[in-house]
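Asks: I'd like to ask some things about the structure below.
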Amino acid sequence: MSATIIDGKAIAAELRARIAKQVETLKRDQGITPGLAVVLVGEDPASQIYVRSKGKQTVEAGMQSFEHKLDPDASEEDLLALIRRLNDDPAVHGILVQLPLPNHLDEDLVINTIAPEKDVDGFHISNVGLLGTGQKSMVPCTPLGCLMMLRAHHGSLSGMDAVVIGRSNIVGKPMAQLLLGDSCTVTIAHSRTKDLADVVRRADIVVAAVGRPQMVPGDWIKPGATVIDVGINRIVDDTGTTRLVGDCDFDTCAAIAGAITPVPGGVGPMTIACLLANTLTACCRANGFPEPEGLTA
Ligand SMILES: NC(=O)C1=CN([C@@H]2O[C@H](COP(=O)(O)OP(=O)(O)OC[C@H]3O[C@@H](n4cnc5c(N)ncnc54)[C@H](OP(=O)(O)O)[C@@H]3O)[C@@H](O)[C@H]2O)C=CC1
Ligand SMILES: Nc1nc(=O)c2c([nH]1)NC[C@@H]1CN(c3ccc(C(=O)N[C@@H](CCC(=O)O)C(=O)O)cc3)C=[N+]21
């Protein structure tokens with residue numbers, strides 16, 4: 001293996017420590033505690049794990065955590081009413097509705113009901129538009145975490161060729177916007193892309209956000225390129241044990257890449273740290289305080 005491992009877990013811990021310090025100052029000097037509300041509809045076990053871990057890290061950063069659990073068959077009306085209540089609650093600076101939602105709920109409607117300034121996921125159409133036009137917005141946590149790791153490793157990304165595999169609204173598209181904002185030449189690949197291997201081979205930066213275990217092999221990677229693996233896939237390996245793998249085949253990619261993020265311990269921890277960063281940013285904006293430095297794009 002030759003690649004440098006980009007240690008998302010360590011970078012996230014450092015980010016959370018900086019956030020905790022600023023939260024403490026905010027509480028001491030202004031008497032204000034940033035608050036994050038997380039809404040979970042249903043009982044998806046993976047979602048429950050994420051929500052628990054978000055709540056724990058929110059409290060560890062000195063913030064208030066509000067958890068709202070709704071039955072899997074909760075009505076859209078009830079969910080929208082809850083969101084409106086949280087929009088009006090001055091103790092809540094950030095609102096996250098865990099996705100995916102059960103099929104009977106209109107995801108776009110639900111997201112667009114969140115007040116844009118409290119939309120710490122950055123999924124509201126206003127935030128998507130602001131990001132796309134280079135204006136101040138709430139930036140989606142996973143792509144923001146990826147950008148922070150890329151900047152930590154490279155400094156400037158200007159002029160680099162970046163390929164994002166995946167075009168979802170929550171990862172692929174905002175990731176491409178952020179890379180463009182940092183002056184990369186960006187290609188977005190997806191399930192209809194022809195000759196994906198050749199497209200990926202051109203990239204100095206590969207961001208894989210597909211949801212297919214170990215899909216990207218090392219021989220697609222340009223020697224020395226940086227690989228950011230967003231995928232979180234649970235597989236049962238040859239020995240019968242369940243483990244977490246990314247969208248990239250770690251061993252073969254690490255043999256060729258210049259740098260790579262591991263799964264677990266890469267993008268995942270950065271996502272949660274960026275959620276806390278967005279909550280602090282939202283709290284400062286809501287109160288007219290100066291924005292904390294280095295927490296957003
Ligand atoms: N670490 C973290 O914090 C997070 C991790 N994730 C993980 O990231 C992964 C992607 O998530 P998400 O964006 O929500 O997933 P989606 O399922 O919404 O999107 C997957 C994308 O991959 C594309 N795709 C599927 N198959 C192929 C293929 N064979 N070749 C090329 N492209 C393909 C799809 O193309 P098309 O549009 O044509 O269908 C689609 O654009 C998942 O593993 C998810 O668990 C997600 C969020 C946060
Ligand atoms: N509204 C909304 N916003 C999200 O940001 C959101 C969402 N819905 N739905 C689900 C996805 C997924 N996601 C992850 C967050 C952290 C880890 C994470 O911390 N992973 C650990 C491993 C955790 C484990 O062991 O399962 C790691 O990669 O090291 C993973 C995945 C956020 N998402």
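Labels for the structure tokens follow display order: chains A, B, ..., residues from 1 in each chain, ligands from 1.
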Would you pick out the contacts of Asp108 in chain A at 10 Å or less, using only C-alpha atoms, so that residues sharing its chain but fewer than 2 positions from it are not included, and give the list as a list of chain:residue names?

Replies: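 So, after excluding close chain neighbours, the residues are A:Leu105, A:Asp106, A:Val110, A:Ile111, A:Asn112, A:Thr113, A:Phe123, A:His124, A:Ile125.
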
Asks: Would you mind listing what lies within 7 Å of range 163-169 of chain A as a list of chain:residue names, with only C-alpha atoms counted and same-chain residues fewer than 3 positions away left out?

Replies: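 So, after excluding close chain neighbours, the residues are A:Gly172, A:Lys173, A:Pro174, A:Ala176, A:Val186, A:Thr187, A:Ile188, A:Ala189, A:His190, A:Val200, A:Ala203, A:Ile205, A:Val206, A:Val207, A:Ala208, A:Ala209, A:Val210.
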
Asks: Using only C-alpha atoms and all ligand atoms, what table do you get, as a Markdown table, when you list each residue of chain A with an atom no more than 8 Å from ligand 1, its nearest pair of atoms, and their distance in Å rounded to one decimal, rows by chain then rising number?

Replies:
| residue | atom | partner | partner_atom_place_in_ligand_line | distance |
| --- | --- | --- | --- | --- |
| A:Cys141 | CA | ligand 1 | 3 (O) | 7.6 |
| A:Thr142 | CA | ligand 1 | 3 (O) | 5.1 |
| A:Ile165 | CA | ligand 1 | 32 (N) | 5.7 |
| A:Gly166 | CA | ligand 1 | 21 (C) | 3.7 |
| A:Arg167 | CA | ligand 1 | 41 (O) | 3.7 |
| A:Ser168 | CA | ligand 1 | 13 (O) | 4.5 |
| A:Asn169 | CA | ligand 1 | 13 (O) | 7.0 |
| A:Ile170 | CA | ligand 1 | 13 (O) | 5.8 |
| A:Val171 | CA | ligand 1 | 13 (O) | 4.8 |
| A:Gly172 | CA | ligand 1 | 13 (O) | 5.9 |
| A:Ala189 | CA | ligand 1 | 32 (N) | 6.1 |
| A:His190 | CA | ligand 1 | 32 (N) | 3.5 |
| A:Ser191 | CA | ligand 1 | 32 (N) | 3.7 |
| A:Arg192 | CA | ligand 1 | 38 (O) | 5.5 |
| A:Thr193 | CA | ligand 1 | 31 (C) | 6.5 |
| A:Leu196 | CA | ligand 1 | 31 (C) | 7.0 |
| A:Ala208 | CA | ligand 1 | 9 (C) | 7.6 |
| A:Ala209 | CA | ligand 1 | 10 (C) | 4.0 |
| A:Val210 | CA | ligand 1 | 22 (O) | 3.5 |
| A:Gly211 | CA | ligand 1 | 43 (O) | 3.1 |
| A:Arg212 | CA | ligand 1 | 43 (O) | 6.4 |
| A:Pro213 | CA | ligand 1 | 43 (O) | 7.6 |
| A:Met215 | CA | ligand 1 | 29 (N) | 7.6 |
| A:Asp229 | CA | ligand 1 | 1 (N) | 8.0 |
| A:Val230 | CA | ligand 1 | 8 (O) | 4.8 |
| A:Gly231 | CA | ligand 1 | 43 (O) | 3.5 |
| A:Ile232 | CA | ligand 1 | 43 (O) | 4.2 |
| A:Asn233 | CA | ligand 1 | 43 (O) | 5.5 |
| A:Gly246 | CA | ligand 1 | 43 (O) | 6.9 |
| A:Asp247 | CA | ligand 1 | 43 (O) | 6.7 |
| A:Gly266 | CA | ligand 1 | 1 (N) | 7.5 |
| A:Val267 | CA | ligand 1 | 1 (N) | 4.7 |
| A:Gly268 | CA | ligand 1 | 1 (N) | 3.7 |
| A:Pro269 | CA | ligand 1 | 3 (O) | 7.1 |
| A:Met270 | CA | ligand 1 | 3 (O) | 7.2 |
| A:Thr271 | CA | ligand 1 | 3 (O) | 4.8 |
| A:Ile272 | CA | ligand 1 | 3 (O) | 7.3 |

Asks: Hey, what's within 12 Å of Ser53 in chain A if we count only C-alpha atoms and toss same-chain stuff fewer than 2 positions away? As a PyMOL selection string, please?

Replies: chain A and resi 38+46-51+55-60+65+67+268-269+271-273+275-276

Asks: For the selection just defined, write its residues with C-alpha atoms to a file, as a PDB file, in the first residue's frame.

Replies:
ATOM      1  CA  VAL A  38     -33.388  15.520  14.731  1.00  0.00           C
ATOM      2  CA  ALA A  46     -29.291   2.010  10.487  1.00  0.00           C
ATOM      3  CA  SER A  47     -31.107   5.345  10.860  1.00  0.00           C
ATOM      4  CA  GLN A  48     -31.561   4.740  14.577  1.00  0.00           C
ATOM      5  CA  ILE A  49     -27.803   4.218  14.939  1.00  0.00           C
ATOM      6  CA  TYR A  50     -27.012   7.482  13.095  1.00  0.00           C
ATOM      7  CA  VAL A  51     -29.578   9.443  15.070  1.00  0.00           C
ATOM      8  CA  GLY A  55     -27.494  13.120  19.532  1.00  0.00           C
ATOM      9  CA  LYS A  56     -24.495  11.954  21.555  1.00  0.00           C
ATOM     10  CA  GLN A  57     -21.994  14.112  19.667  1.00  0.00           C
ATOM     11  CA  THR A  58     -24.321  17.125  19.814  1.00  0.00           C
ATOM     12  CA  VAL A  59     -24.387  16.927  23.609  1.00  0.00           C
ATOM     13  CA  GLU A  60     -20.615  16.314  23.768  1.00  0.00           C
ATOM     14  CA  SER A  65     -30.161  17.896  21.301  1.00  0.00           C
ATOM     15  CA  GLU A  67     -34.942  14.058  19.323  1.00  0.00           C
ATOM     16  CA  GLY A 268     -18.905   9.263   8.003  1.00  0.00           C
ATOM     17  CA  PRO A 269     -17.412  10.968  11.073  1.00  0.00           C
ATOM     18  CA  THR A 271     -20.555  14.205   8.107  1.00  0.00           C
ATOM     19  CA  ILE A 272     -21.618  14.349  11.744  1.00  0.00           C
ATOM     20  CA  ALA A 273     -18.941  16.914  12.644  1.00  0.00           C
ATOM     21  CA  LEU A 275     -23.736  18.787  11.053  1.00  0.00           C
ATOM     22  CA  LEU A 276     -22.548  20.292  14.344  1.00  0.00           C
TER      23      LEU A 276
END

Asks: Could you check how far CA of Asp71 in chain A sits from atom 30 (C, counted along the ligand's line) of ligand 2, in Å to one decimal?

Replies: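 Distance between the two atoms: 22.6 Å.
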
Asks: Taking only C-alpha atoms into account, name the residue in A:Val199, A:Leu130, A:Ala277, A:Ala20 that is nearest to Leu178 in chain A.

Replies: A:Leu130

Asks: Taking only C-alpha atoms and all ligand atoms into account, which of A:Arg201, A:Arg243, A:His153, A:Arg285 comes nearest ligand 2?

Replies: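 Of A:Arg201, A:Arg243, A:His153, A:Arg285, the one nearest ligand 2 is A:Arg243, counting only C-alpha atoms and all ligand atoms.
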
Asks: Could you check which of A:Arg28, A:Lys222, A:Lys21, A:Lys118 is closest to Asn278 in chain A, using only C-alpha atoms?

Replies: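 Smallest separation from Asn278 in chain A among the options: A:Lys118.
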
Asks: Mind checking which residues fall within 10 Å of Val39 in chain A, counting only C-alpha atoms, ignoring those fewer than 5 positions away in the same chain, and posting them as a list of chain:residue names?

Replies: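 So, after excluding close chain neighbours, the residues are A:Val51, A:Phe66, A:Glu67, A:His68, A:Lys69, A:Leu70, A:Leu79, A:Leu82, A:Ile83, A:Ile95, A:Leu96, A:Val97, A:Gln98, A:Leu99.
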
Asks: Export, as a tab-separated table (two decimals), in the first residue's frame, the selected residues with C-alpha atoms.

Replies:
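Written out: out.tsv:
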chain	number	residue	atom	x	y	z
A	51	VAL	CA	-29.58	9.44	15.07
A	66	PHE	CA	-33.88	17.44	20.66
A	67	GLU	CA	-34.94	14.06	19.32
A	68	HIS	CA	-38.37	13.50	17.81
A	69	LYS	CA	-39.41	9.96	16.92
A	70	LEU	CA	-42.57	9.43	14.90
A	79	LEU	CA	-44.80	15.63	10.41
A	82	LEU	CA	-43.88	19.21	13.97
A	83	ILE	CA	-41.50	20.90	11.51
A	95	ILE	CA	-33.46	20.86	12.03
A	96	LEU	CA	-32.59	17.55	10.41
A	97	VAL	CA	-35.21	15.12	9.10
A	98	GLN	CA	-33.54	11.74	8.71
A	99	LEU	CA	-33.83	10.39	5.16

Asks: Give me the residues near Ala257 in chain A as a list of chain:residue names, where near means some atom within 6 Å (using only C-alpha atoms) and where sequence neighbours in that chain fewer than 2 positions away do not count.

Replies: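 What passes the distance filter is A:Ala3, A:Pro223, A:Gly224, A:Ala225, A:Thr226, A:Cys253, A:Ala254, A:Ala259.
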